[in-house]
$ cat query_3.cif   # mmCIF, C-alpha atoms
data_protein
loop_
_atom_site.group_PDB
_atom_site.id
_atom_site.type_symbol
_atom_site.label_atom_id
_atom_site.label_comp_id
_atom_site.auth_asym_id
_atom_site.auth_seq_id
_atom_site.Cartn_x
_atom_site.Cartn_y
_atom_site.Cartn_z
ATOM 1 C CA MET A 27 -29.144 26.854 -11.626
ATOM 2 C CA GLN A 28 -27.240 28.784 -14.220
ATOM 3 C CA ASP A 29 -27.279 28.162 -17.957
ATOM 4 C CA MET A 30 -23.626 28.849 -18.572
ATOM 5 C CA ASN A 31 -20.330 27.416 -19.663
ATOM 6 C CA VAL A 32 -18.057 26.091 -16.941
ATOM 7 C CA ASN A 33 -14.707 27.792 -16.744
ATOM 8 C CA GLY A 34 -11.493 25.871 -16.449
ATOM 9 C CA GLY A 35 -11.350 23.047 -18.947
ATOM 10 C CA GLN A 36 -14.829 21.880 -19.852
ATOM 11 C CA SER A 37 -13.385 20.451 -23.070
ATOM 12 C CA GLU A 38 -11.194 18.152 -20.959
ATOM 13 C CA ARG A 39 -14.173 16.500 -19.296
ATOM 14 C CA PRO A 40 -15.040 13.179 -20.994
ATOM 15 C CA ALA A 41 -18.558 12.169 -21.906
ATOM 16 C CA PRO A 42 -20.258 10.500 -18.925
ATOM 17 C CA ALA A 43 -20.016 7.034 -20.476
ATOM 18 C CA ASP A 44 -16.275 7.504 -21.110
ATOM 19 C CA VAL A 45 -15.280 8.192 -17.511
ATOM 20 C CA THR A 46 -12.592 5.777 -16.334
ATOM 21 C CA ALA A 47 -11.686 7.103 -12.870
ATOM 22 C CA VAL A 48 -13.664 8.461 -9.927
ATOM 23 C CA GLY A 49 -12.474 10.217 -6.788
ATOM 24 C CA ILE A 50 -13.870 9.295 -3.371
ATOM 25 C CA LEU A 51 -13.523 11.918 -0.633
ATOM 26 C CA GLY A 52 -14.409 10.392 2.726
ATOM 27 C CA THR A 53 -14.401 6.593 2.998
ATOM 28 C CA GLY A 54 -16.822 5.913 5.838
ATOM 29 C CA VAL A 55 -20.152 4.116 5.566
ATOM 30 C CA ILE A 56 -21.374 6.051 2.514
ATOM 31 C CA GLY A 57 -18.086 6.875 0.816
ATOM 32 C CA GLY A 58 -16.810 3.323 1.239
ATOM 33 C CA SER A 59 -19.984 1.952 -0.301
ATOM 34 C CA TRP A 60 -19.659 4.372 -3.225
ATOM 35 C CA ALA A 61 -16.104 3.076 -3.733
ATOM 36 C CA CYS A 62 -17.419 -0.497 -3.901
ATOM 37 C CA HIS A 63 -20.103 0.538 -6.395
ATOM 38 C CA PHE A 64 -17.634 2.160 -8.774
ATOM 39 C CA LEU A 65 -15.169 -0.722 -8.439
ATOM 40 C CA ARG A 66 -17.981 -3.077 -9.435
ATOM 41 C CA TYR A 67 -18.323 -1.090 -12.675
ATOM 42 C CA GLY A 68 -14.646 -1.470 -13.493
ATOM 43 C CA LEU A 69 -13.670 2.113 -12.752
ATOM 44 C CA ASP A 70 -10.417 3.192 -11.165
ATOM 45 C CA VAL A 71 -11.226 4.527 -7.705
ATOM 46 C CA VAL A 72 -8.930 7.121 -6.159
ATOM 47 C CA ALA A 73 -9.651 7.701 -2.467
ATOM 48 C CA PHE A 74 -8.657 10.403 -0.001
ATOM 49 C CA ASP A 75 -9.341 10.210 3.735
ATOM 50 C CA LEU A 76 -6.896 11.345 6.413
ATOM 51 C CA ALA A 77 -8.654 9.507 9.251
ATOM 52 C CA PRO A 78 -6.273 7.039 10.934
ATOM 53 C CA GLY A 79 -6.685 3.546 9.490
ATOM 54 C CA ALA A 80 -8.997 4.696 6.682
ATOM 55 C CA GLU A 81 -7.157 2.848 3.921
ATOM 56 C CA GLU A 82 -6.954 -0.397 5.854
ATOM 57 C CA ARG A 83 -10.666 -0.244 6.725
ATOM 58 C CA LEU A 84 -11.776 0.457 3.177
ATOM 59 C CA ARG A 85 -9.605 -2.253 1.617
ATOM 60 C CA LYS A 86 -11.024 -4.747 4.116
ATOM 61 C CA ARG A 87 -14.561 -3.597 3.382
ATOM 62 C CA VAL A 88 -14.075 -3.975 -0.364
ATOM 63 C CA LEU A 89 -12.919 -7.561 0.113
ATOM 64 C CA ASP A 90 -15.758 -8.268 2.552
ATOM 65 C CA VAL A 91 -18.486 -7.072 0.149
ATOM 66 C CA TRP A 92 -16.886 -8.351 -3.066
ATOM 67 C CA PRO A 93 -19.094 -11.481 -3.024
ATOM 68 C CA GLN A 94 -22.116 -9.143 -2.982
ATOM 69 C CA LEU A 95 -20.733 -7.261 -5.973
ATOM 70 C CA GLU A 96 -20.125 -10.547 -7.791
ATOM 71 C CA GLU A 97 -23.720 -11.577 -7.119
ATOM 72 C CA LEU A 98 -24.972 -8.263 -8.513
ATOM 73 C CA GLY A 99 -22.711 -8.755 -11.544
ATOM 74 C CA LEU A 100 -19.237 -7.349 -12.132
ATOM 75 C CA LYS A 101 -18.767 -5.043 -15.108
ATOM 76 C CA GLY A 102 -15.791 -4.891 -17.433
ATOM 77 C CA ASP A 103 -12.460 -5.460 -15.715
ATOM 78 C CA ALA A 104 -13.754 -4.878 -12.207
ATOM 79 C CA SER A 105 -11.153 -5.588 -9.545
ATOM 80 C CA PRO A 106 -10.429 -4.668 -5.915
ATOM 81 C CA GLY A 107 -6.952 -3.816 -7.175
ATOM 82 C CA LYS A 108 -8.302 -0.730 -8.969
ATOM 83 C CA LEU A 109 -8.536 1.113 -5.645
ATOM 84 C CA ARG A 110 -5.720 3.413 -4.582
ATOM 85 C CA PHE A 111 -5.307 6.049 -1.884
ATOM 86 C CA VAL A 112 -3.695 9.471 -2.241
ATOM 87 C CA ASP A 113 -2.404 11.958 0.334
ATOM 88 C CA SER A 114 -3.899 15.281 -0.788
ATOM 89 C CA LEU A 115 -6.888 16.900 -2.471
ATOM 90 C CA LYS A 116 -4.618 18.069 -5.278
ATOM 91 C CA GLU A 117 -3.496 14.508 -5.974
ATOM 92 C CA LEU A 118 -7.097 13.296 -5.731
ATOM 93 C CA GLY A 119 -8.139 15.538 -8.611
ATOM 94 C CA GLN A 120 -5.264 14.776 -10.958
ATOM 95 C CA SER A 121 -6.650 11.676 -12.710
ATOM 96 C CA VAL A 122 -10.414 11.678 -12.105
ATOM 97 C CA SER A 123 -13.401 13.230 -13.855
ATOM 98 C CA ILE A 124 -15.653 13.476 -10.818
ATOM 99 C CA ILE A 125 -15.155 13.528 -7.041
ATOM 100 C CA GLN A 126 -17.887 12.104 -4.800
ATOM 101 C CA GLU A 127 -17.719 13.724 -1.357
ATOM 102 C CA SER A 128 -19.165 11.767 1.583
ATOM 103 C CA THR A 129 -18.100 13.505 4.773
ATOM 104 C CA PRO A 130 -20.155 14.157 7.958
ATOM 105 C CA GLU A 131 -23.293 16.321 7.731
ATOM 106 C CA ASP A 132 -21.790 19.560 9.016
ATOM 107 C CA LEU A 133 -22.687 22.483 6.754
ATOM 108 C CA ALA A 134 -19.857 24.805 7.782
ATOM 109 C CA ALA A 135 -17.326 21.992 7.358
ATOM 110 C CA LYS A 136 -18.719 21.087 3.934
ATOM 111 C CA GLN A 137 -18.612 24.712 2.805
ATOM 112 C CA THR A 138 -14.956 24.983 3.786
ATOM 113 C CA LEU A 139 -14.117 21.605 2.284
ATOM 114 C CA PHE A 140 -15.782 22.394 -1.050
ATOM 115 C CA ALA A 141 -13.862 25.671 -1.269
ATOM 116 C CA GLU A 142 -10.645 23.717 -0.654
ATOM 117 C CA ILE A 143 -11.503 21.080 -3.273
ATOM 118 C CA ASP A 144 -12.467 23.779 -5.763
ATOM 119 C CA ALA A 145 -9.116 25.492 -5.299
ATOM 120 C CA ALA A 146 -7.101 22.268 -5.461
ATOM 121 C CA VAL A 147 -8.441 20.298 -8.433
ATOM 122 C CA PRO A 148 -8.535 21.047 -12.185
ATOM 123 C CA GLY A 149 -11.516 22.975 -13.515
ATOM 124 C CA HIS A 150 -12.979 20.129 -15.565
ATOM 125 C CA VAL A 151 -13.483 17.878 -12.510
ATOM 126 C CA VAL A 152 -17.108 17.709 -11.330
ATOM 127 C CA ILE A 153 -17.468 17.972 -7.534
ATOM 128 C CA SER A 154 -20.446 16.022 -6.195
ATOM 129 C CA SER A 155 -21.788 15.698 -2.650
ATOM 130 C CA SER A 156 -23.578 12.775 -1.001
ATOM 131 C CA THR A 157 -25.256 15.163 1.460
ATOM 132 C CA SER A 158 -28.525 13.798 2.770
ATOM 133 C CA GLY A 159 -30.212 17.153 3.192
ATOM 134 C CA PHE A 160 -28.219 20.346 2.591
ATOM 135 C CA PRO A 161 -28.970 22.272 -0.626
ATOM 136 C CA MET A 162 -25.977 22.693 -2.926
ATOM 137 C CA THR A 163 -26.656 26.439 -2.907
ATOM 138 C CA GLN A 164 -25.479 26.460 0.704
ATOM 139 C CA ILE A 165 -22.581 24.021 0.233
ATOM 140 C CA GLN A 166 -21.127 25.903 -2.759
ATOM 141 C CA ALA A 167 -21.291 29.297 -1.021
ATOM 142 C CA LEU A 168 -17.511 29.678 -0.560
ATOM 143 C CA CYS A 169 -16.426 28.169 -3.898
ATOM 144 C CA ALA A 170 -14.651 30.363 -6.448
ATOM 145 C CA ASN A 171 -16.007 28.134 -9.247
ATOM 146 C CA PRO A 172 -19.366 26.841 -7.960
ATOM 147 C CA ALA A 173 -20.722 26.045 -11.428
ATOM 148 C CA ARG A 174 -19.231 22.543 -11.340
ATOM 149 C CA THR A 175 -20.658 21.541 -7.954
ATOM 150 C CA VAL A 176 -23.693 19.270 -7.674
ATOM 151 C CA VAL A 177 -25.503 16.976 -5.244
ATOM 152 C CA CYS A 178 -25.826 13.262 -5.856
ATOM 153 C CA HIS A 179 -27.648 11.873 -2.838
ATOM 154 C CA PRO A 180 -27.610 8.064 -2.669
ATOM 155 C CA PHE A 181 -29.445 5.637 -0.421
ATOM 156 C CA THR A 182 -27.660 3.283 1.946
ATOM 157 C CA PRO A 183 -25.902 1.154 0.906
ATOM 158 C CA PRO A 184 -25.034 2.815 -2.438
ATOM 159 C CA HIS A 185 -23.330 -0.312 -3.788
ATOM 160 C CA ILE A 186 -26.664 -2.174 -3.580
ATOM 161 C CA VAL A 187 -29.517 0.351 -3.669
ATOM 162 C CA PRO A 188 -29.694 1.543 -7.302
ATOM 163 C CA PHE A 189 -31.103 5.040 -6.787
ATOM 164 C CA CYS A 190 -29.782 8.570 -6.422
ATOM 165 C CA GLU A 191 -31.063 12.126 -6.584
ATOM 166 C CA VAL A 192 -29.144 14.704 -8.618
ATOM 167 C CA VAL A 193 -29.683 18.447 -8.210
ATOM 168 C CA GLY A 194 -27.589 21.572 -8.517
ATOM 169 C CA GLY A 195 -27.464 24.820 -6.591
ATOM 170 C CA GLU A 196 -28.237 28.335 -7.710
ATOM 171 C CA LYS A 197 -24.740 28.717 -9.178
ATOM 172 C CA THR A 198 -24.457 25.220 -10.658
ATOM 173 C CA ALA A 199 -24.323 25.081 -14.449
ATOM 174 C CA VAL A 200 -27.234 23.276 -16.096
ATOM 175 C CA GLU A 201 -24.844 21.200 -18.179
ATOM 176 C CA ILE A 202 -23.144 19.937 -15.016
ATOM 177 C CA VAL A 203 -26.433 18.649 -13.628
ATOM 178 C CA ASP A 204 -27.153 16.960 -16.966
ATOM 179 C CA TRP A 205 -23.632 15.500 -17.111
ATOM 180 C CA ALA A 206 -23.833 14.160 -13.560
ATOM 181 C CA ALA A 207 -27.280 12.646 -14.093
ATOM 182 C CA ASP A 208 -26.069 10.893 -17.249
ATOM 183 C CA PHE A 209 -22.917 9.695 -15.484
ATOM 184 C CA PHE A 210 -24.720 8.088 -12.550
ATOM 185 C CA GLN A 211 -27.394 6.641 -14.847
ATOM 186 C CA HIS A 212 -24.722 5.063 -17.061
ATOM 187 C CA PHE A 213 -22.971 3.571 -14.058
ATOM 188 C CA GLY A 214 -25.892 1.716 -12.552
ATOM 189 C CA LYS A 215 -28.206 4.218 -10.882
ATOM 190 C CA GLN A 216 -31.848 5.060 -11.415
ATOM 191 C CA VAL A 217 -31.607 8.848 -11.295
ATOM 192 C CA ALA A 218 -34.131 11.437 -10.190
ATOM 193 C CA LYS A 219 -32.883 14.685 -11.762
ATOM 194 C CA MET A 220 -34.635 17.321 -9.688
ATOM 195 C CA ASP A 221 -35.883 20.571 -11.196
ATOM 196 C CA GLN A 222 -35.236 22.545 -8.012
ATOM 197 C CA GLU A 223 -33.687 22.180 -4.579
ATOM 198 C CA LEU A 224 -35.537 20.853 -1.552
ATOM 199 C CA TYR A 225 -34.161 20.229 1.915
ATOM 200 C CA GLY A 226 -33.841 16.445 2.175
ATOM 201 C CA PHE A 227 -34.527 16.037 -1.558
ATOM 202 C CA ILE A 228 -37.235 13.488 -2.476
ATOM 203 C CA GLY A 229 -36.666 10.176 -0.760
ATOM 204 C CA ASN A 230 -35.622 11.544 2.619
ATOM 205 C CA ARG A 231 -38.635 13.829 2.804
ATOM 206 C CA LEU A 232 -40.923 10.849 2.199
ATOM 207 C CA GLN A 233 -38.985 8.708 4.672
ATOM 208 C CA ASP A 234 -39.091 11.455 7.262
ATOM 209 C CA ALA A 235 -42.876 11.762 7.016
ATOM 210 C CA ILE A 236 -43.214 8.092 7.964
ATOM 211 C CA TRP A 237 -40.506 8.394 10.628
ATOM 212 C CA ARG A 238 -42.253 11.328 12.315
ATOM 213 C CA GLU A 239 -45.574 9.492 12.378
ATOM 214 C CA ALA A 240 -43.806 6.450 13.827
ATOM 215 C CA LEU A 241 -42.386 8.589 16.643
ATOM 216 C CA HIS A 242 -45.858 9.926 17.411
ATOM 217 C CA MET A 243 -47.242 6.379 17.617
ATOM 218 C CA VAL A 244 -44.571 5.268 20.079
ATOM 219 C CA ALA A 245 -44.797 8.489 22.095
ATOM 220 C CA ASN A 246 -48.570 7.986 22.465
ATOM 221 C CA ASN A 247 -48.241 4.269 23.306
ATOM 222 C CA GLU A 248 -50.332 3.435 20.234
ATOM 223 C CA CYS A 249 -48.110 0.604 19.024
ATOM 224 C CA SER A 250 -44.613 -0.846 19.321
ATOM 225 C CA VAL A 251 -41.458 -0.256 17.295
ATOM 226 C CA SER A 252 -41.720 -3.852 16.104
ATOM 227 C CA ASP A 253 -45.296 -3.444 14.863
ATOM 228 C CA ILE A 254 -44.429 -0.246 13.011
ATOM 229 C CA ASP A 255 -41.625 -2.002 11.160
ATOM 230 C CA LYS A 256 -43.822 -5.021 10.390
ATOM 231 C CA SER A 257 -46.525 -2.756 8.991
ATOM 232 C CA ILE A 258 -44.136 -1.423 6.350
ATOM 233 C CA ALA A 259 -41.852 -4.417 5.714
ATOM 234 C CA TYR A 260 -44.764 -6.816 5.175
ATOM 235 C CA GLY A 261 -47.290 -4.260 3.963
ATOM 236 C CA PRO A 262 -46.762 -1.333 1.585
ATOM 237 C CA GLY A 263 -42.982 -1.761 1.596
ATOM 238 C CA LEU A 264 -43.313 -4.895 -0.516
ATOM 239 C CA ARG A 265 -45.375 -2.992 -3.095
ATOM 240 C CA TRP A 266 -43.148 0.080 -2.987
ATOM 241 C CA ALA A 267 -40.163 -2.056 -3.997
ATOM 242 C CA ILE A 268 -41.893 -2.570 -7.339
ATOM 243 C CA PHE A 269 -43.690 0.658 -8.289
ATOM 244 C CA GLY A 270 -43.520 3.245 -5.500
ATOM 245 C CA PRO A 271 -46.318 4.998 -3.612
ATOM 246 C CA CYS A 272 -47.911 7.023 -6.426
ATOM 247 C CA MET A 273 -48.548 4.196 -8.873
ATOM 248 C CA ASN A 274 -49.556 1.845 -6.074
ATOM 249 C CA MET A 275 -52.207 4.368 -5.069
ATOM 250 C CA ALA A 276 -53.293 4.633 -8.713
ATOM 251 C CA MET A 277 -53.870 0.867 -8.725
ATOM 252 C CA CYS A 278 -56.398 1.357 -5.924
ATOM 253 C CA GLY A 279 -58.583 2.927 -8.584
ATOM 254 C CA GLY A 280 -58.600 -0.238 -10.686
ATOM 255 C CA GLU A 281 -59.006 0.389 -14.415
ATOM 256 C CA GLY A 282 -60.024 3.968 -13.586
ATOM 257 C CA GLY A 283 -56.491 4.511 -12.287
ATOM 258 C CA MET A 284 -55.354 7.654 -10.529
ATOM 259 C CA ALA A 285 -58.424 9.692 -11.440
ATOM 260 C CA ARG A 286 -60.852 7.166 -9.958
ATOM 261 C CA MET A 287 -58.681 6.727 -6.867
ATOM 262 C CA LEU A 288 -58.618 10.485 -6.245
ATOM 263 C CA ASP A 289 -62.369 10.763 -6.790
ATOM 264 C CA HIS A 290 -63.032 7.886 -4.409
ATOM 265 C CA PHE A 291 -60.432 8.458 -1.698
ATOM 266 C CA GLY A 292 -59.909 12.210 -2.031
ATOM 267 C CA PRO A 293 -62.213 13.058 0.907
ATOM 268 C CA SER A 294 -60.092 10.871 3.201
ATOM 269 C CA LEU A 295 -57.214 13.359 2.790
ATOM 270 C CA LYS A 296 -59.090 15.519 5.295
ATOM 271 C CA GLU A 297 -59.066 12.729 7.868
ATOM 272 C CA PRO A 298 -56.514 12.966 10.724
ATOM 273 C CA TRP A 299 -54.361 10.114 9.435
ATOM 274 C CA THR A 300 -50.974 11.783 9.887
ATOM 275 C CA ARG A 301 -49.201 14.179 12.256
ATOM 276 C CA LEU A 302 -46.299 15.514 10.184
ATOM 277 C CA GLU A 303 -44.867 17.768 12.888
ATOM 278 C CA SER A 304 -42.323 15.741 14.816
ATOM 279 C CA PRO A 305 -43.120 15.070 18.488
ATOM 280 C CA GLU A 306 -40.741 16.301 21.161
ATOM 281 C CA LEU A 307 -37.933 13.808 21.654
ATOM 282 C CA THR A 308 -38.429 13.401 25.397
ATOM 283 C CA ASP A 309 -36.259 11.167 27.556
ATOM 284 C CA GLN A 310 -39.134 8.684 27.678
ATOM 285 C CA LEU A 311 -39.595 8.591 23.906
ATOM 286 C CA TYR A 312 -35.825 8.232 23.453
ATOM 287 C CA ALA A 313 -35.762 5.292 25.877
ATOM 288 C CA ASP A 314 -38.810 3.665 24.275
ATOM 289 C CA MET A 315 -37.298 3.867 20.776
ATOM 290 C CA VAL A 316 -33.989 2.389 21.930
ATOM 291 C CA ALA A 317 -35.737 -0.394 23.862
ATOM 292 C CA GLY A 318 -37.968 -1.156 20.897
ATOM 293 C CA ALA A 319 -34.997 -1.424 18.548
ATOM 294 C CA ASP A 320 -33.189 -3.694 21.012
ATOM 295 C CA GLU A 321 -36.264 -5.919 21.126
ATOM 296 C CA VAL A 322 -36.219 -6.257 17.342
ATOM 297 C CA LEU A 323 -32.490 -7.018 17.366
ATOM 298 C CA ALA A 324 -33.174 -9.891 19.791
ATOM 299 C CA GLY A 325 -29.524 -10.291 20.685
ATOM 300 C CA ARG A 326 -28.165 -9.915 17.170
ATOM 301 C CA SER A 327 -25.492 -7.350 16.424
ATOM 302 C CA MET A 328 -26.245 -4.437 14.133
ATOM 303 C CA THR A 329 -23.593 -5.811 11.767
ATOM 304 C CA GLU A 330 -25.531 -9.074 11.498
ATOM 305 C CA LEU A 331 -28.745 -7.174 10.822
ATOM 306 C CA MET A 332 -27.095 -5.065 8.120
ATOM 307 C CA GLN A 333 -25.699 -8.205 6.491
ATOM 308 C CA GLU A 334 -29.186 -9.721 6.403
ATOM 309 C CA ARG A 335 -30.546 -6.487 4.928
ATOM 310 C CA ASP A 336 -27.914 -6.438 2.187
ATOM 311 C CA GLU A 337 -28.433 -10.097 1.247
ATOM 312 C CA LEU A 338 -32.198 -9.649 1.028
ATOM 313 C CA LEU A 339 -31.859 -6.403 -0.935
ATOM 314 C CA ILE A 340 -29.767 -8.220 -3.530
ATOM 315 C CA ARG A 341 -32.353 -11.016 -3.819
ATOM 316 C CA ILE A 342 -35.187 -8.519 -4.210
ATOM 317 C CA ARG A 343 -33.231 -6.565 -6.830
ATOM 318 C CA LYS A 344 -32.387 -9.695 -8.788
ATOM 319 C CA THR A 345 -35.966 -10.977 -8.664
ATOM 320 C CA ILE A 346 -37.338 -7.704 -10.031
ATOM 321 C CA GLU A 347 -34.610 -7.351 -12.667
ATOM 322 C CA ASP A 348 -34.942 -10.981 -13.825
ATOM 323 C CA TYR A 349 -38.718 -10.658 -14.115
ATOM 324 C CA ARG A 350 -38.527 -7.462 -16.169
ATOM 325 C CA ALA A 351 -35.800 -8.881 -18.399
ATOM 326 C CA GLU A 352 -37.998 -11.899 -19.131
ATOM 327 C CA LYS A 353 -40.966 -9.648 -19.955
ATOM 328 C CA GLN A 354 -38.857 -7.660 -22.417
ATOM 329 C CA LYS A 355 -37.938 -10.865 -24.259
ATOM 330 C CA GLN A 356 -41.579 -11.859 -24.712
#
$ encode --input "query_3.cif" --output "structure tokens"
Amino acid sequence: MQDMNVNGGQSERPAPADVTAVGILGTGVIGGSWACHFLRYGLDVVAFDLAPGAEERLRKRVLDVWPQLEELGLKGDASPGKLRFVDSLKELGQSVSIIQESTPEDLAAKQTLFAEIDAAVPGHVVISSSTSGFPMTQIQALCANPARTVVCHPFTPPHIVPFCEVVGGEKTAVEIVDWAADFFQHFGKQVAKMDQELYGFIGNRLQDAIWREALHMVANNECSVSDIDKSIAYGPGLRWAIFGPCMNMAMCGGEGGMARMLDHFGPSLKEPWTRLESPELTDQLYADMVAGADEVLAGRSMTELMQERDELLIRIRKTIEDYRAEKQKQ
């Protein structure tokens, strides 16, 4: 990342807490959820998506999830009516301070798109990507003004899961990374501001390690898809919702904490407990994974399962937040 001033109107960019309007580029699963998140915080949301029926789908989604947003707590003058669609990238950038891009994971397409956004919108507008794995250094490659481009990778669904990872590319200005991190933190996210780029960032790399091991287990007929999911959902997943893997491991050391845990369990790191290289996705493994997922669904639709997930996520969030708020009052 570069320590430099951003050309093209840095003085016009408001402080992160003073932002009043956000641009959403791409209104599918991720982009639509981002729109809901920002609407919950009372921001004006300006959306651009040329896919047929995009506006109708997003407006319906906002109304469908509004009860979830109400349960999480609406901020300021939050309203579904603060969403509007525009017909061009130029119009998208006219009244917003930041654009959150959430288009398909195609590097060449993102590179072209970012160059087009960069050329179309005023210089003070921050351009952020929801990419789940590509480094911003690659995405910004064709931009004339790459200093204002940054990654903010959320977790699905962004309007409920309060976490994102912020990191710039080699040509991103340091102050843009700081600005973006402060912006997302102010508007409801727990932010991991990364010191350097990694493919997949933090959360996805950790998720992928578990996913690869799960594939090995199914491929070797060691356990079922259902048992793998139970082992996390009813095992470490419950603990990870509170503190995460590092501090949960530290607790294994009791009062001695991390140091005692490492002294005691360090030798086990040499044991063959994981196989991080992904197994070959054979036709048999593909069929076994699909059949296992169908067994877990047990006749339910994926929409029903996602609704259950969202409702439970909100309850877990509220339980943790209420508990910590009570502790702070004591």
$ resolve_selection --input "query_3.cif" --expression "the PyMOL selection byres ((chain A and resi 54-65) around 8)" --output "ChimeraX atom specification"
/A:48,50-53,66-71,80,84,87-88,91-92,95,104-106,108-109,126-129,156,182-186,213
$ closest_residue --input "query_3.cif" --among "A:Ala173, A:Val251, A:Lys116, A:Leu98" --to "Asp348 (chain A)" --atoms "all atoms listed in the file"
A:Leu98
$ atom_distance --input "query_3.cif" --atom1 "CA of Leu323 (chain A)" --atom2 "CA of Asn246 (chain A)"
22.6 Å
$ closest_residue --input "query_3.cif" --among "A:Arg238, A:Arg231, A:Arg326, A:Arg39" --to "Arg174 (chain A)" --atoms "all atoms listed in the file"
A:Arg39
$ atom_distance --input "query_3.cif" --atom1 "CA of Cys278 (chain A)" --atom2 "CA of Gly261 (chain A)"
14.6 Å
$ closest_residue --input "query_3.cif" --among "A:Asn274, A:Ser257, A:Thr175, A:Ser158" --to "Gln137 (chain A)" --atoms "all atoms listed in the file"
A:Thr175
$ residues_around --input "query_3.cif" --residues "Asp144 (chain A)" --least-positions-apart "2" --cutoff "9 Å" --atoms "only C-alpha atoms" --output "MDAnalysis selection string"
chainID A and resid 139:142 146:149 153 169:172 174:175
$ resolve_selection --input "query_3.cif" --expression "the PyMOL selection byres ((chain A and resi 45) around 10)" --output "list in words"
Arg39, Pro40, Ala41, Pro42, Ala43, Asp44, Thr46, Ala47, Val48, Leu69, Asp70, Val122, Ser123, Ile124, Phe209, His212 and Phe213 of chain A
$ decode --input "query_3.cif" --residues "region 39-50 of chain A" --atoms "N, CA, C and O atoms" --output "PDB file, in the first residue's frame"
ATOM      1  N   ARG A  39     -14.350  14.272   0.421  1.00  0.00           N
ATOM      2  CA  ARG A  39     -14.794  13.046   1.065  1.00  0.00           C
ATOM      3  C   ARG A  39     -15.107  13.336   2.536  1.00  0.00           C
ATOM      4  O   ARG A  39     -14.269  13.836   3.268  1.00  0.00           O
ATOM      5  N   PRO A  40     -16.319  13.022   3.001  1.00  0.00           N
ATOM      6  CA  PRO A  40     -16.663  13.294   4.399  1.00  0.00           C
ATOM      7  C   PRO A  40     -15.929  12.345   5.340  1.00  0.00           C
ATOM      8  O   PRO A  40     -15.393  11.308   4.921  1.00  0.00           O
ATOM      9  N   ALA A  41     -15.906  12.693   6.603  1.00  0.00           N
ATOM     10  CA  ALA A  41     -15.398  11.767   7.607  1.00  0.00           C
ATOM     11  C   ALA A  41     -16.272  10.524   7.592  1.00  0.00           C
ATOM     12  O   ALA A  41     -17.470  10.594   7.268  1.00  0.00           O
ATOM     13  N   PRO A  42     -15.708   9.359   7.921  1.00  0.00           N
ATOM     14  CA  PRO A  42     -16.498   8.121   7.848  1.00  0.00           C
ATOM     15  C   PRO A  42     -17.843   8.199   8.564  1.00  0.00           C
ATOM     16  O   PRO A  42     -18.856   7.719   8.049  1.00  0.00           O
ATOM     17  N   ALA A  43     -17.873   8.813   9.735  1.00  0.00           N
ATOM     18  CA  ALA A  43     -19.113   8.879  10.505  1.00  0.00           C
ATOM     19  C   ALA A  43     -20.131   9.830   9.901  1.00  0.00           C
ATOM     20  O   ALA A  43     -21.313   9.798  10.278  1.00  0.00           O
ATOM     21  N   ASP A  44     -19.702  10.667   8.946  1.00  0.00           N
ATOM     22  CA  ASP A  44     -20.599  11.663   8.347  1.00  0.00           C
ATOM     23  C   ASP A  44     -21.156  11.226   6.995  1.00  0.00           C
ATOM     24  O   ASP A  44     -21.868  11.990   6.340  1.00  0.00           O
ATOM     25  N   VAL A  45     -20.838  10.023   6.584  1.00  0.00           N
ATOM     26  CA  VAL A  45     -21.360   9.528   5.301  1.00  0.00           C
ATOM     27  C   VAL A  45     -22.881   9.398   5.387  1.00  0.00           C
ATOM     28  O   VAL A  45     -23.422   8.891   6.373  1.00  0.00           O
ATOM     29  N   THR A  46     -23.561   9.827   4.357  1.00  0.00           N
ATOM     30  CA  THR A  46     -25.029   9.757   4.334  1.00  0.00           C
ATOM     31  C   THR A  46     -25.570   8.892   3.202  1.00  0.00           C
ATOM     32  O   THR A  46     -26.740   8.521   3.221  1.00  0.00           O
ATOM     33  N   ALA A  47     -24.717   8.558   2.217  1.00  0.00           N
ATOM     34  CA  ALA A  47     -25.192   7.788   1.067  1.00  0.00           C
ATOM     35  C   ALA A  47     -24.118   6.818   0.602  1.00  0.00           C
ATOM     36  O   ALA A  47     -22.935   7.152   0.543  1.00  0.00           O
ATOM     37  N   VAL A  48     -24.559   5.612   0.261  1.00  0.00           N
ATOM     38  CA  VAL A  48     -23.669   4.539  -0.174  1.00  0.00           C
ATOM     39  C   VAL A  48     -24.151   4.000  -1.514  1.00  0.00           C
ATOM     40  O   VAL A  48     -25.365   3.850  -1.735  1.00  0.00           O
ATOM     41  N   GLY A  49     -23.219   3.678  -2.390  1.00  0.00           N
ATOM     42  CA  GLY A  49     -23.564   3.070  -3.665  1.00  0.00           C
ATOM     43  C   GLY A  49     -23.413   1.558  -3.599  1.00  0.00           C
ATOM     44  O   GLY A  49     -22.468   1.039  -3.019  1.00  0.00           O
ATOM     45  N   ILE A  50     -24.355   0.849  -4.200  1.00  0.00           N
ATOM     46  CA  ILE A  50     -24.314  -0.610  -4.271  1.00  0.00           C
ATOM     47  C   ILE A  50     -24.238  -1.005  -5.739  1.00  0.00           C
ATOM     48  O   ILE A  50     -25.152  -0.715  -6.519  1.00  0.00           O
TER      49      ILE A  50
END
